[in-house]
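Visitor: First the structure, which I've put down as structure tokens, then a few questions once you've had a look.
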Amino acid sequence: MNTTNVLIAVFVTAVLLSMVVLSVVLGRLSTKLPPPRRIWTAPVPTGRIVEFVPDGQKQGFKVDIAKLNGSGLTVGRDPRVCDLVVRDWYVSSRHARIWLDTEGLHIEDLKSTNGSWQNDRRIERTTFGFGESIRLGRTSFRLHALES
């Protein structure tokens, strides 16, 4: 095989590969996600409860504090992969992870498009306290510890 044939083969392969990638990207862009459901809630057992309270609202969504232990809760727009679903098109499908350990509450941005914010400061990963403002997309909320 001479150099010209090799270059043609490489060019054709690159064109075909780029067409495959483009069709996958366009296919993903045109696929509509199912409408987001209401923020995830489950029957709350007795014990310590955490309430996710969106700013401007008096009541929030109650979650057993045990769900924050270990790997915690994944927060985002896609109900297929998130424990806590937020109806906000500025929130990524898998936006952030929130968990609790002996050092306190933690939030980690999962490489979201619009970022995660704590007290108007963009964060990648941080520790925060109950009552502090967290913003994902355009949705701000606070976590409050409740006794059941």
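By convention here, the chains of the structure tokens are called A, B, ... in the order presented, each chain's residues are numbered starting at 1, and ligands are numbered starting at 1 in the order presented.
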List the spatial neighbours of region 133-148 of chain A as a ChimeraX atom specification - criterion: any atom at most 7 Å away, only C-alpha atoms, same-chain residues fewer than 6 positions off excluded.

Guide: /A:46-55,88,90-91,114-119

Visitor: Run DSSP on the backbone of this structure and report the residues of region 59-108 of chain A it assigns to strand (DSSP E or B), as an MDAnalysis selection string.

Guide: chainID A and resid 61:64 73:76 84:85 96:101 104:108

Visitor: Would you save the residues from that selection as a PDB file, in the first residue's frame, using C-alpha atoms?

Guide:
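Written output follows (result13.pdb):
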ATOM      1  CA  PHE A  61     -39.635  18.021  51.067  1.00  0.00           C
ATOM      2  CA  LYS A  62     -38.800  15.715  53.938  1.00  0.00           C
ATOM      3  CA  VAL A  63     -36.154  13.001  53.633  1.00  0.00           C
ATOM      4  CA  ASP A  64     -34.912  10.527  56.243  1.00  0.00           C
ATOM      5  CA  LEU A  73     -28.414  11.725  47.420  1.00  0.00           C
ATOM      6  CA  THR A  74     -27.917  12.574  43.768  1.00  0.00           C
ATOM      7  CA  VAL A  75     -29.763  15.760  42.797  1.00  0.00           C
ATOM      8  CA  GLY A  76     -30.667  16.660  39.233  1.00  0.00           C
ATOM      9  CA  LEU A  84     -33.984  14.156  44.347  1.00  0.00           C
ATOM     10  CA  VAL A  85     -35.453  15.586  41.127  1.00  0.00           C
ATOM     11  CA  ALA A  96     -24.819  17.388  42.380  1.00  0.00           C
ATOM     12  CA  ARG A  97     -24.415  14.917  45.208  1.00  0.00           C
ATOM     13  CA  ILE A  98     -25.248  15.757  48.833  1.00  0.00           C
ATOM     14  CA  TRP A  99     -24.142  13.577  51.724  1.00  0.00           C
ATOM     15  CA  LEU A 100     -23.640  13.638  55.477  1.00  0.00           C
ATOM     16  CA  ASP A 101     -20.731  12.243  57.478  1.00  0.00           C
ATOM     17  CA  GLY A 104     -21.051  17.564  58.432  1.00  0.00           C
ATOM     18  CA  LEU A 105     -23.059  18.097  55.253  1.00  0.00           C
ATOM     19  CA  HIS A 106     -21.218  18.059  51.947  1.00  0.00           C
ATOM     20  CA  ILE A 107     -22.106  18.946  48.374  1.00  0.00           C
ATOM     21  CA  GLU A 108     -20.170  18.027  45.253  1.00  0.00           C
TER      22      GLU A 108
END

Visitor: Using only C-alpha atoms for the distances, tell me which of A:Thr4, A:His95, A:Phe128, A:Lys111 is nearest to Arg77 (chain A).

Guide: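 Among A:Thr4, A:His95, A:Phe128, A:Lys111, it is A:His95 that comes nearest to Arg77 (chain A).
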
Visitor: Figure out the distance between CA of Ile123 (chain A) and CA of Asp109 (chain A), please, to one decimal in Å.

Guide: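 A separation of 7.1 Å between them.
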
Visitor: What is the distance between CA of Gly56 (chain A) and CA of Arg80 (chain A), in Å to one decimal?

Guide: 27.5 Å

Visitor: Suppose you want the space between CA of Thr102 (chain A) and CA of Glu124 (chain A); what is it in Å?

Guide: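 According to the coordinates, CA of Thr102 (chain A) and CA of Glu124 (chain A) are separated by 20.0 Å.
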